[in-house]
Each structure stands twice: as C-alpha cells, then as structure tokens.
>>> print(open('upload02.cif').read())   # mmCIF, C-alpha atoms
data_data
loop_
_atom_site.label_atom_id
_atom_site.label_comp_id
_atom_site.auth_asym_id
_atom_site.auth_seq_id
_atom_site.Cartn_x
_atom_site.Cartn_y
_atom_site.Cartn_z
CA MET G 20 6.21 -6.74 76.13
CA LYS G 21 3.37 -9.02 75.24
CA GLU G 22 4.20 -9.34 71.53
CA LEU G 23 7.70 -10.63 72.27
CA GLU G 24 6.47 -12.96 75.02
CA ASP G 25 3.83 -14.38 72.68
CA ARG G 26 6.43 -14.85 69.96
CA ILE G 27 8.75 -16.68 72.34
CA ARG G 28 5.89 -18.93 73.42
CA ARG G 29 4.97 -19.63 69.79
CA ASP G 30 8.36 -19.88 68.06
CA GLY G 31 10.95 -20.25 70.79
CA GLU G 32 12.37 -23.69 71.45
CA VAL G 33 13.01 -24.70 75.03
CA LYS G 34 16.03 -26.96 74.75
CA SER G 35 16.61 -27.28 78.49
CA THR G 36 15.72 -25.42 81.66
CA GLU G 37 18.46 -22.95 80.68
CA ILE G 38 18.62 -22.93 76.87
CA LEU G 39 16.04 -21.08 74.76
CA LYS G 40 16.49 -20.96 71.01
CA VAL G 41 14.99 -18.01 69.16
CA GLY G 42 16.92 -18.25 65.92
CA SER G 43 13.77 -18.20 63.83
CA PHE G 44 13.04 -14.56 64.65
CA LEU G 45 15.73 -12.95 66.84
CA ASN G 46 19.32 -13.94 66.17
CA HIS G 47 19.80 -16.01 63.03
CA GLN G 48 16.71 -15.23 61.01
CA ILE G 49 15.32 -11.88 62.10
CA ASP G 50 11.85 -10.37 62.02
CA VAL G 51 12.21 -6.69 61.23
CA SER G 52 8.57 -5.90 62.07
CA LEU G 53 9.02 -7.34 65.56
CA PHE G 54 12.28 -5.41 65.94
CA ASN G 55 10.47 -2.17 65.08
CA ASP G 56 7.89 -2.87 67.76
CA MET G 57 10.70 -3.57 70.22
CA GLY G 58 12.41 -0.32 69.27
CA ALA G 59 9.17 1.61 69.76
CA GLU G 60 8.73 0.03 73.18
CA TRP G 61 12.24 1.00 74.30
CA ALA G 62 11.62 4.53 73.01
CA ARG G 63 8.54 4.65 75.24
CA LEU G 64 10.35 3.19 78.25
CA PHE G 65 13.33 5.52 77.91
CA ALA G 66 11.35 8.59 76.82
CA SER G 67 12.61 10.64 79.78
CA LYS G 68 16.25 10.00 78.94
CA HIS G 69 18.37 12.08 76.60
CA ILE G 70 19.95 9.37 74.50
CA ASN G 71 22.18 10.28 71.57
CA LYS G 72 23.88 6.98 70.77
CA ILE G 73 23.18 3.26 70.89
CA LEU G 74 26.00 0.87 71.73
CA THR G 75 25.73 -2.86 71.14
CA ILE G 76 28.02 -5.80 70.57
CA GLU G 77 28.46 -7.96 67.52
CA ALA G 78 26.87 -9.93 66.15
CA SER G 79 23.37 -10.60 67.46
CA GLY G 80 22.81 -7.14 68.94
CA ILE G 81 23.46 -5.27 65.72
CA ALA G 82 20.15 -5.65 63.89
CA ILE G 83 18.14 -4.98 67.03
CA ALA G 84 20.13 -1.81 67.71
CA ALA G 85 19.98 -0.58 64.12
CA ILE G 86 16.21 -0.94 63.90
CA ALA G 87 15.75 0.55 67.39
CA ALA G 88 17.79 3.64 66.46
CA GLN G 89 15.00 4.65 64.08
CA HIS G 90 12.77 5.14 67.12
CA PHE G 91 15.32 7.44 68.76
CA GLY G 92 15.58 9.93 65.90
CA ASN G 93 18.07 7.91 63.81
CA ILE G 94 20.87 8.39 66.32
CA PRO G 95 24.20 6.69 65.53
CA VAL G 96 24.65 3.04 66.41
CA VAL G 97 28.07 1.74 67.39
CA TYR G 98 28.83 -1.91 67.73
CA ALA G 99 31.71 -3.18 69.79
CA LYS G 100 33.81 -5.71 67.91
CA LYS G 101 34.88 -9.06 69.20
CA ASN G 102 37.97 -9.48 67.07
CA GLN G 103 40.49 -6.83 66.29
CA SER G 104 40.55 -6.20 62.58
CA ARG G 105 43.78 -5.08 60.98
CA THR G 106 41.96 -2.12 59.53
CA LEU G 107 41.01 -0.69 62.94
CA ASP G 108 42.92 2.11 64.55
CA ASN G 109 45.16 1.37 67.47
CA SER G 110 43.26 4.05 69.34
CA GLN G 111 40.58 1.92 70.88
CA TYR G 112 39.06 1.01 74.21
CA GLU G 113 39.12 -2.66 75.00
CA THR G 114 37.78 -4.96 77.65
CA GLN G 115 37.66 -8.67 78.35
CA VAL G 116 34.37 -10.56 78.40
CA TYR G 117 33.96 -14.10 79.66
CA SER G 118 31.68 -16.29 77.56
CA PHE G 119 30.04 -19.13 79.45
CA THR G 120 28.91 -20.62 76.13
CA LYS G 121 32.43 -20.79 74.76
CA GLN G 122 34.11 -21.04 78.17
CA LYS G 123 36.78 -18.50 77.40
CA TYR G 124 37.57 -14.80 77.57
CA TYR G 125 37.36 -12.74 74.42
CA LYS G 126 38.44 -9.20 73.72
CA VAL G 127 35.86 -6.56 72.87
CA ILE G 128 36.94 -3.26 71.39
CA VAL G 129 35.47 0.05 70.34
CA SER G 130 37.25 2.90 68.59
CA THR G 131 37.90 5.95 70.77
CA ARG G 132 36.48 8.00 67.90
CA TYR G 133 32.99 6.52 68.17
CA LEU G 134 32.49 6.57 71.93
CA THR G 135 33.24 9.79 73.81
CA ALA G 136 32.38 11.81 76.91
CA ASP G 137 29.70 13.61 74.86
CA ASP G 138 27.71 10.41 74.44
CA HIS G 139 24.57 9.52 76.37
CA VAL G 140 24.29 5.89 75.57
CA LEU G 141 21.59 3.24 75.43
CA LEU G 142 23.11 -0.24 75.60
CA ILE G 143 21.27 -2.88 73.59
CA ASP G 144 21.66 -6.64 73.34
CA ASP G 145 19.57 -9.65 72.40
CA PHE G 146 20.08 -11.75 75.53
CA LEU G 147 21.00 -11.02 79.14
CA ALA G 148 22.12 -13.99 81.23
CA ASN G 149 25.20 -13.56 83.37
CA GLY G 150 25.59 -9.99 82.26
CA ASN G 151 29.22 -10.35 81.25
CA ALA G 152 28.82 -8.85 77.79
CA MET G 153 26.74 -5.98 79.23
CA HIS G 154 29.32 -5.26 81.91
CA GLY G 155 31.90 -5.22 79.14
CA LEU G 156 29.93 -2.53 77.31
CA ILE G 157 29.55 -0.55 80.56
CA ASP G 158 33.31 -0.79 81.05
CA LEU G 159 33.92 0.55 77.53
CA CYS G 160 31.59 3.48 78.29
CA LYS G 161 33.42 4.20 81.55
CA GLN G 162 36.75 4.23 79.74
CA ALA G 163 35.31 6.70 77.23
CA GLY G 164 33.65 8.85 79.89
CA ALA G 165 30.34 8.20 78.16
CA HIS G 166 27.11 8.26 80.18
CA VAL G 167 25.07 5.08 80.26
CA GLU G 168 21.45 6.26 80.23
CA GLY G 169 19.85 2.85 80.07
CA ILE G 170 20.08 -0.77 79.10
CA GLY G 171 17.64 -2.49 76.78
CA VAL G 172 17.68 -6.23 76.29
CA ALA G 173 15.25 -8.30 74.30
CA ILE G 174 15.24 -11.44 76.46
CA GLU G 175 16.47 -11.59 80.04
CA LYS G 176 17.06 -14.96 81.65
CA TYR G 177 15.82 -14.03 85.09
CA PHE G 178 17.12 -17.29 86.54
CA GLU G 179 20.66 -16.10 85.74
CA PRO G 180 22.28 -13.39 87.87
CA GLY G 181 22.97 -10.71 85.23
CA GLY G 182 19.75 -8.70 85.43
CA ARG G 183 19.57 -8.66 89.22
CA LYS G 184 23.19 -7.54 89.38
CA LEU G 185 22.68 -4.72 86.88
CA ARG G 186 19.56 -3.53 88.73
CA SER G 187 21.32 -3.67 92.10
CA GLU G 188 24.07 -1.53 90.60
CA GLY G 189 21.41 1.04 89.79
CA TRP G 190 21.26 0.76 86.01
CA ASP G 191 17.93 1.42 84.29
CA LEU G 192 17.46 -2.01 82.74
CA GLN G 193 14.45 -2.65 80.52
CA SER G 194 14.07 -6.26 79.44
CA LEU G 195 11.24 -6.73 76.95
CA ALA G 196 10.75 -10.37 77.93
CA CYS G 197 11.98 -11.68 81.25
CA VAL G 198 12.07 -15.48 81.39
CA LYS G 199 11.50 -16.78 84.90
CA SER G 200 11.58 -20.47 84.08
CA MET G 201 11.27 -22.90 81.20
CA ASN G 202 10.12 -26.49 80.95
CA PRO G 203 11.78 -28.52 78.18
CA GLN G 204 9.24 -31.34 78.58
CA THR G 205 6.19 -29.18 77.93
CA GLY G 206 7.91 -26.27 76.15
CA ASP G 207 6.27 -23.89 78.60
CA VAL G 208 7.94 -20.55 79.27
CA ILE G 209 7.02 -18.58 82.39
CA PHE G 210 7.69 -14.84 82.34
CA GLU G 211 8.42 -12.51 85.24
CA GLU G 212 6.40 -9.31 84.79
CA ASN G 213 8.02 -7.33 87.62
CA PRO G 214 11.73 -8.10 87.70
CA THR G 215 13.64 -6.66 90.66
CA ALA G 216 17.21 -6.52 91.85
CA MET C 72 24.43 6.21 44.41
CA LYS C 73 25.51 9.79 44.80
CA GLU C 74 24.73 10.07 48.51
CA LEU C 75 27.01 7.15 49.36
CA GLU C 76 29.76 8.35 47.04
CA ASP C 77 29.60 11.81 48.61
CA ARG C 78 29.74 10.29 52.08
CA ILE C 79 32.77 8.20 51.16
CA ARG C 80 34.49 11.29 49.78
CA ARG C 81 33.65 13.26 52.92
CA ASP C 82 34.12 10.72 55.72
CA GLY C 83 36.01 7.80 54.21
CA GLU C 84 39.72 7.51 54.96
CA VAL C 85 42.00 6.35 52.20
CA LYS C 86 44.70 4.46 54.04
CA SER C 87 46.40 3.12 50.93
CA THR C 88 45.58 2.50 47.29
CA GLU C 89 43.68 -0.57 48.50
CA ILE C 90 42.38 0.22 52.00
CA LEU C 91 39.37 2.45 52.57
CA LYS C 92 38.08 2.96 56.09
CA VAL C 93 34.41 3.79 56.51
CA GLY C 94 33.97 2.94 60.18
CA SER C 95 32.45 6.32 60.98
CA PHE C 96 29.24 5.53 59.08
CA LEU C 97 29.19 2.00 57.61
CA ASN C 98 30.73 -0.75 59.70
CA HIS C 99 31.66 0.30 63.22
CA GLN C 100 29.51 3.34 63.79
CA ILE C 101 26.49 3.20 61.50
CA ASP C 102 24.25 5.87 60.00
CA VAL C 103 20.72 4.50 59.92
CA SER C 104 19.41 7.32 57.70
CA LEU C 105 22.02 6.53 55.06
CA PHE C 106 21.19 2.83 55.35
CA ASN C 107 17.53 3.58 54.70
CA ASP C 108 18.45 5.50 51.57
CA MET C 109 20.61 2.56 50.48
CA GLY C 110 17.73 0.16 51.12
CA ALA C 111 15.39 2.32 49.07
CA GLU C 112 17.89 2.39 46.21
CA TRP C 113 18.23 -1.40 46.16
CA ALA C 114 14.44 -1.71 46.25
CA ARG C 115 14.35 0.49 43.15
CA LEU C 116 17.15 -1.40 41.39
CA PHE C 117 15.63 -4.82 42.14
CA ALA C 118 11.99 -3.78 41.67
CA SER C 119 11.47 -6.36 38.90
CA LYS C 120 12.65 -9.25 41.07
CA HIS C 121 10.48 -11.29 43.40
CA ILE C 122 12.61 -11.28 46.53
CA ASN C 123 11.30 -12.88 49.72
CA LYS C 124 14.45 -13.10 51.86
CA ILE C 125 17.69 -11.24 52.43
CA LEU C 126 20.83 -13.20 53.24
CA THR C 127 23.93 -11.55 54.61
CA ILE C 128 26.97 -12.50 56.66
CA GLU C 129 27.98 -11.39 60.11
CA ALA C 130 28.92 -8.93 61.29
CA SER C 131 29.13 -5.87 59.07
CA GLY C 132 26.35 -6.89 56.68
CA ILE C 133 23.71 -7.31 59.35
CA ALA C 134 22.64 -3.73 59.96
CA ILE C 135 22.61 -2.91 56.26
CA ALA C 136 20.45 -5.96 55.54
CA ALA C 137 18.06 -5.34 58.44
CA ILE C 138 17.39 -1.74 57.43
CA ALA C 139 17.13 -2.70 53.75
CA ALA C 140 14.51 -5.36 54.50
CA GLN C 141 12.11 -2.58 55.45
CA HIS C 142 12.16 -1.48 51.81
CA PHE C 143 11.26 -4.99 50.63
CA GLY C 144 8.09 -5.35 52.68
CA ASN C 145 9.79 -6.40 55.92
CA ILE C 146 10.90 -9.74 54.49
CA PRO C 147 12.98 -11.98 56.77
CA VAL C 148 16.70 -11.38 57.05
CA VAL C 149 19.05 -14.29 57.67
CA TYR C 150 22.67 -13.82 58.53
CA ALA C 151 25.22 -16.55 57.96
CA LYS C 152 27.39 -17.11 61.01
CA LYS C 153 31.14 -17.28 61.05
CA ASN C 154 31.53 -19.40 64.16
CA GLN C 155 29.44 -22.36 65.06
CA SER C 156 27.60 -21.67 68.27
CA ARG C 157 26.83 -24.57 70.55
CA THR C 158 23.19 -23.57 70.49
CA LEU C 159 22.82 -24.04 66.72
CA ASP C 160 21.32 -27.15 65.22
CA ASN C 161 23.56 -29.65 63.55
CA SER C 162 21.31 -29.33 60.52
CA GLN C 163 23.12 -26.55 58.73
CA TYR C 164 24.73 -25.72 55.43
CA GLU C 165 28.34 -24.72 55.66
CA THR C 166 31.00 -23.41 53.36
CA GLN C 167 34.58 -22.23 53.62
CA VAL C 168 35.52 -18.61 52.92
CA TYR C 169 39.07 -17.37 52.52
CA SER C 170 39.78 -14.04 54.18
CA PHE C 171 42.60 -12.06 52.62
CA THR C 172 42.55 -9.71 55.60
CA LYS C 173 43.06 -12.50 58.10
CA GLN C 174 44.88 -14.79 55.65
CA LYS C 175 42.95 -17.87 56.63
CA TYR C 176 39.85 -19.88 55.82
CA TYR C 177 36.87 -19.59 58.09
CA LYS C 178 33.67 -21.60 58.20
CA VAL C 179 30.35 -19.92 57.43
CA ILE C 180 27.12 -21.65 58.31
CA VAL C 181 23.39 -21.16 57.94
CA SER C 182 20.66 -23.30 59.42
CA THR C 183 18.78 -25.47 56.91
CA ARG C 184 15.60 -24.14 58.52
CA TYR C 185 16.17 -20.55 57.45
CA LEU C 186 17.30 -21.06 53.86
CA THR C 187 15.22 -23.30 51.60
CA ALA C 188 14.24 -23.97 48.00
CA ASP C 189 11.26 -21.64 48.51
CA ASP C 190 13.54 -18.65 48.99
CA HIS C 191 14.23 -15.98 46.38
CA VAL C 192 17.18 -14.31 47.93
CA LEU C 193 18.87 -10.93 47.80
CA LEU C 194 22.46 -11.19 49.04
CA ILE C 195 23.72 -8.12 50.88
CA ASP C 196 27.13 -7.13 52.19
CA ASP C 197 29.03 -3.97 53.06
CA PHE C 198 32.15 -4.53 50.91
CA LEU C 199 32.94 -6.51 47.80
CA ALA C 200 36.61 -7.04 47.02
CA ASN C 201 37.71 -10.53 46.02
CA GLY C 202 34.18 -11.80 46.29
CA ASN C 203 35.05 -14.71 48.52
CA ALA C 204 32.41 -14.00 51.14
CA MET C 205 29.78 -13.44 48.43
CA HIS C 206 30.69 -16.70 46.70
CA GLY C 207 30.31 -18.37 50.08
CA LEU C 208 26.77 -17.01 50.38
CA ILE C 209 26.00 -18.15 46.83
CA ASP C 210 27.30 -21.60 47.73
CA LEU C 211 25.03 -21.73 50.78
CA CYS C 212 22.06 -20.80 48.56
CA LYS C 213 22.98 -23.52 46.06
CA GLN C 214 23.14 -26.10 48.82
CA ALA C 215 19.69 -24.99 50.00
CA GLY C 216 18.25 -24.88 46.48
CA ALA C 217 17.44 -21.22 47.08
CA HIS C 218 17.28 -18.82 44.13
CA VAL C 219 19.70 -15.90 44.14
CA GLU C 220 17.75 -13.01 42.63
CA GLY C 221 20.39 -10.38 43.09
CA ILE C 222 23.41 -9.13 44.97
CA GLY C 223 23.58 -5.75 46.66
CA VAL C 224 26.81 -4.40 48.05
CA ALA C 225 27.42 -0.99 49.53
CA ILE C 226 31.00 -0.48 48.35
CA GLU C 227 32.67 -2.44 45.58
CA LYS C 228 36.41 -2.24 45.15
CA TYR C 229 36.44 -2.28 41.36
CA PHE C 230 40.21 -2.71 41.30
CA GLU C 231 39.74 -6.12 42.95
CA PRO C 232 38.38 -9.05 40.90
CA GLY C 233 35.21 -9.92 42.88
CA GLY C 234 32.69 -7.73 41.09
CA ARG C 235 33.89 -8.53 37.58
CA LYS C 236 33.83 -12.23 38.40
CA LEU C 237 30.28 -12.09 39.78
CA ARG C 238 29.07 -10.13 36.75
CA SER C 239 30.78 -12.51 34.34
CA GLU C 240 29.02 -15.37 36.11
CA GLY C 241 25.75 -13.62 35.27
CA TRP C 242 24.67 -12.44 38.70
CA ASP C 243 22.68 -9.22 38.97
CA LEU C 244 25.14 -7.24 41.08
CA GLN C 245 24.22 -3.74 42.20
CA SER C 246 27.03 -1.90 43.96
CA LEU C 247 25.93 1.45 45.36
CA ALA C 248 29.44 2.87 45.21
CA CYS C 249 32.06 1.37 42.96
CA VAL C 250 35.57 2.53 43.80
CA LYS C 251 37.82 2.61 40.75
CA SER C 252 40.91 3.99 42.44
CA MET C 253 42.06 5.80 45.55
CA ASN C 254 44.93 8.12 46.30
CA PRO C 255 46.22 7.98 49.86
CA GLN C 256 48.29 11.14 49.36
CA THR C 257 45.38 13.34 48.36
CA GLY C 258 42.55 11.26 49.83
CA ASP C 259 40.83 11.33 46.44
CA VAL C 260 38.44 8.52 45.57
CA ILE C 261 37.50 7.92 41.94
CA PHE C 262 34.25 6.06 41.27
CA GLU C 263 33.30 3.89 38.32
CA GLU C 264 29.77 4.75 37.25
CA ASN C 265 29.33 1.90 34.75
CA PRO C 266 30.96 -1.22 36.13
CA THR C 267 31.12 -4.17 33.75
CA ALA C 268 32.27 -7.78 33.87
#
>>> encode(input="upload02.cif", output="structure tokens")
Amino acid sequence: MKELEDRIRRDGEVKSTEILKVGSFLNHQIDVSLFNDMGAEWARLFASKHINKILTIEASGIAIAAIAAQHFGNIPVVYAKKNQSRTLDNSQYETQVYSFTKQKYYKVIVSTRYLTADDHVLLIDDFLANGNAMHGLIDLCKQAGAHVEGIGVAIEKYFEPGGRKLRSEGWDLQSLACVKSMNPQTGDVIFEENPTA
Amino acid sequence: MKELEDRIRRDGEVKSTEILKVGSFLNHQIDVSLFNDMGAEWARLFASKHINKILTIEASGIAIAAIAAQHFGNIPVVYAKKNQSRTLDNSQYETQVYSFTKQKYYKVIVSTRYLTADDHVLLIDDFLANGNAMHGLIDLCKQAGAHVEGIGVAIEKYFEPGGRKLRSEGWDLQSLACVKSMNPQTGDVIFEENPTA
C-alpha cells in the first residue's frame, strides 16, 4: 500500500537494521485518516471472504482493528487481553505468546463468549515479525472453533520469519507494507512488493 | 446518552453493587456503531472547545478514542502506555497511577514528542471510578504544558468519588452514562441524569 510505505519513509525512524519506530502515526500517536485508508485496503483485499468479526491483541492492534471494522460493515471487534483482569469470567481461552522484545512469555486470553464456532475472523495487528502474537491469535481461534478467514498486518518485517511461516501454513496474509531491509545510516527503507512463503 | 444507558441496561452485567461488566460491547468485544454515536455526542457536547488532540490510556480507552477522533476532524489520538517498551524514547513524561482493581501503582508514560504545549486535549476513557487514571492523564498534560479542554468518559460510576472530584476541580467532564446505583439481585441500573460536583 503506497500511502503506508510513503508514510514509513517520511515519518518512520530506522533505529537499526531491525528496529523501525512508527510511534508518530501507528502505535503511540495514531493517524485515524491513514487507518481508514488501511481499513479500506483490507476490505478490498479480503472482499471475497465472508468476515463477521475482527480479532486483535492489545494494545497496539486495537485502534487499527476498530477503524478497519467500519470498512467491513461495522462488524464486532474483539481484542485479546494480555493480563487477566479480575473482572473477566473464568470461561476464557488462553494461550502463551513469547515476546522477543521483553524476552518472556505472556498469557493472552479471550472470553469464550466473544469468540465462537460461528465466527469467521480477520486477524489484525500493527506489526508482524516472528509471528508469535499472530500464532497466539490463531491458537485462540482454533480453541474456539472459529474460522480464520485472513490476516491483515500493517507492517511486516520481511527479514523476520513470521510472514513466511504464516504463508507457508496457507494463511491468507495481507501486509500493507512489507519491509525487506532498512539502513540506519541513511534511514532508507526497502519494501518487498511481492512477499512469498 | 440514552443509547448507551439502554445498552448498559440490556447487555451490561451487574456483578455487585460496584462491579458492572460491559465486555460484550465496550471493552473486550466492541461495538463500533455505538462508539461512533458516542463520538458524535462528545463532539456535540464539546462543540465550543478548540480540541486538536485526544489523549487516552491503554488499553480500553484506545478504540473509543480512535473512533471519536473521526468526529473531531480526524485529529491525532495519543495513548499513554502502561509499560515502558524498549523501543520508546527516553524522552517521555511519566506518572504513577494507583489501580484499585490490581491494588498496586503502575507507571504511565507518554512521549514528549506527542504531547506538547501546543495541544488542546480531550481526555477519553471507558470508565471513571476513583479517577486515578484520569488524574494521571491530567498530570501528563500538565508536565507537557498541554491544555486540557475537556474529559469524556463512557461510563462514570457516580457512587465512586472520581467524577465529583474532577468536577469540583473545575474540569469539563462529560460522562455519557452516569451510574448512580446498581442492584445485583435484579440487575437494575439507575442512572444519574444531572451529575454534580
């Protein structure tokens, strides 16, 4: 998606060959207009699918998913939670996700009431790197018997294994910007336009 | 706001005289249509204010704030973060917020780049009870020199002191549903239509 690529080139900060900061528009401060264009693009890409729910994970996927839902007929959005609140039911699906950033496993839960075998789900997240969070969401859907119709991520780090793995597993993954490489000296970001498994 | 009150009556679960669960539409599964109506109502209530940024706190405020921003001309949304990520700048404002639910203090941060003295801010959150999280956001704005133009919360627990305290401090607080009391035996929820300090 050219608009997102251009925005990354303009406002993204290449901190290293692996770290890209996009807090000015994607995951600390957010640009709702951009998010609407992203949602419209996913609606186009997944037009053949019958999607009736969006599932994401807190916190940085939530705004992207909420805005995107407007382009899928205002379908419900569910966000998996990283910490069990005391006010949640005990009836929940849970899975473990390993965070490379924090170097530890964390628990991710979703209520059994909001993810069921009737759901045809689009999974949404801001970043895809190793794919651990996304595999956690897929696992939650499997536990619920929900159908994963597709996966939409804003920025895929193509130099990490997550996207290739998801594609090789057969998932319909649509990354709106697929970063092939980054140069922290020049700030240049190279995008892959035809990502494969 | 009648629509939100009706939804709370219909889908909210009164777990005790103090605990109201609204995960089916507000903070686990979310109803984007309802959120748009809430955003439109805040835009009406704050029409006289010159608001150029929305500040909220992760995670349950994010979707509400993102959808609401569309009714304020797609202004930027910033969400304060509860855990310091390694990929954040060191240049950040931080404050401590006490959580009664978790019975501990947690740190809330916002980058100095996304909250400045040029900002005229609407604070948004899903619930207002003791007001600790909201006072944390106000503190972040004070540190940044940002102007707090108003406070919008979806559900105020009027039997807790947060709303009265904020009003007595002079803030323009607009709660879309103000719960006066709840009965866990009958499930009845009584709303206060004219909350005061």
>>> atom_distance(input="upload02.cif", atom1="CA of Asn145 in chain C", atom2="CA of Ile101 in chain C")
20.1 Å
>>> interface_residues(input="upload02.cif", of="chain C", to="chain G", cutoff="10 Å", atoms="only C-alpha atoms", output="NGL selection string")
:C and (86 or 90-92 or 94-107 or 124-126 or 128-141 or 144-153 or 156-160 or 172-173 or 181-182 or 184-186)
>>> closest_residue(input="upload02.cif", among="G:Arg26, G:Arg186, G:His154, G:Arg63", to="Val116 in chain G", atoms="only C-alpha atoms")
G:His154
>>> residues_near_point(input="upload02.cif", point="(24.6, 9.5, 36.7)", cutoff="12 Å", atoms="all atoms listed in the file", output="list in words")
Met72, Lys73, Glu74, Glu76, Leu247, Ala248, Phe262, Glu263, Glu264 and Asn265 of chain C
>>> resolve_selection(input="upload02.cif", expression="the PyMOL selection byres ((chain C and resi 118) around 12)", output="number ranges by chain")
C: 110-117, 119-122, 142-144, 193, 220-221
>>> residues_around(input="upload02.cif", residues="Gly202 in chain C", least_positions_apart="2", cutoff="10 Å", atoms="only C-alpha atoms", output="PyMOL selection string")
chain C and resi 168-170+198-200+204-208+227-228+231-237
>>> atom_distance(input="upload02.cif", atom1="CA of Asp82 in chain C", atom2="CA of Thr75 in chain G")
22.2 Å
>>> closest_residue(input="upload02.cif", among="C:Met109, C:Ala188, C:Ala215, C:Cys249", to="Ile261 in chain C", atoms="all atoms listed in the file")
C:Cys249
>>> atom_distance(input="upload02.cif", atom1="CA of Val208 in chain G", atom2="CA of Arg28 in chain G")
6.4 Å
>>> closest_residue(input="upload02.cif", among="G:Val127, G:Met201, G:Leu192, G:Ala173", to="Asp144 in chain G", atoms="all atoms listed in the file")
G:Ala173
>>> axis_aligned_box(input="upload02.cif", around="range 46-64 of chain G", padding_each_side="8 Å", output="AutoDock Vina command-line options")
--center_x 13.8 --center_y -5.7 --center_z 69.6 --size_x 27.9 --size_y 36.7 --size_z 33.2
>>> closest_residue(input="upload02.cif", among="G:Thr215, G:Thr205, G:Asn71, G:Thr135", to="Phe178 in chain G", atoms="only C-alpha atoms")
G:Thr215
>>> build_atoms(input="upload02.cif", residues="range 67-83 of chain G", atoms="N, CA and C atoms", output="CSV table (one decimal), in the coordinates of the input")
chain,number,residue,atom,x,y,z
G,67,SER,N,12.1,9.5,78.9
G,67,SER,CA,12.6,10.6,79.8
G,67,SER,C,14.1,10.8,79.7
G,68,LYS,N,14.8,9.9,79.0
G,68,LYS,CA,16.2,10.0,78.9
G,68,LYS,C,16.7,10.7,77.7
G,69,HIS,N,17.8,11.4,77.8
G,69,HIS,CA,18.4,12.1,76.6
G,69,HIS,C,19.5,11.2,76.0
G,70,ILE,N,19.1,10.4,75.1
G,70,ILE,CA,20.0,9.4,74.5
G,70,ILE,C,20.4,9.8,73.1
G,71,ASN,N,21.7,9.8,72.9
G,71,ASN,CA,22.2,10.3,71.6
G,71,ASN,C,23.0,9.2,70.9
G,72,LYS,N,23.1,8.0,71.4
G,72,LYS,CA,23.9,7.0,70.8
G,72,LYS,C,23.4,5.6,71.3
G,73,ILE,N,23.4,4.6,70.5
G,73,ILE,CA,23.2,3.3,70.9
G,73,ILE,C,24.5,2.5,70.7
G,74,LEU,N,24.8,1.7,71.8
G,74,LEU,CA,26.0,0.9,71.7
G,74,LEU,C,25.6,-0.6,71.9
G,75,THR,N,26.0,-1.4,71.0
G,75,THR,CA,25.7,-2.9,71.1
G,75,THR,C,27.0,-3.6,70.9
G,76,ILE,N,26.9,-4.9,70.8
G,76,ILE,CA,28.0,-5.8,70.6
G,76,ILE,C,27.7,-6.8,69.5
G,77,GLU,N,28.7,-7.0,68.6
G,77,GLU,CA,28.5,-8.0,67.5
G,77,GLU,C,28.3,-9.4,68.1
G,78,ALA,N,27.6,-10.2,67.4
G,78,ALA,CA,26.9,-9.9,66.2
G,78,ALA,C,25.4,-9.8,66.4
G,79,SER,N,24.8,-10.5,67.4
G,79,SER,CA,23.4,-10.6,67.5
G,79,SER,C,22.7,-9.3,68.0
G,80,GLY,N,23.4,-8.4,68.5
G,80,GLY,CA,22.8,-7.1,68.9
G,80,GLY,C,22.6,-6.1,67.8
G,81,ILE,N,23.3,-6.3,66.7
G,81,ILE,CA,23.5,-5.3,65.7
G,81,ILE,C,22.1,-4.9,65.1
G,82,ALA,N,21.4,-5.9,64.6
G,82,ALA,CA,20.2,-5.6,63.9
G,82,ALA,C,19.1,-5.0,64.8
G,83,ILE,N,19.1,-5.5,66.0
G,83,ILE,CA,18.1,-5.0,67.0
G,83,ILE,C,18.4,-3.5,67.3
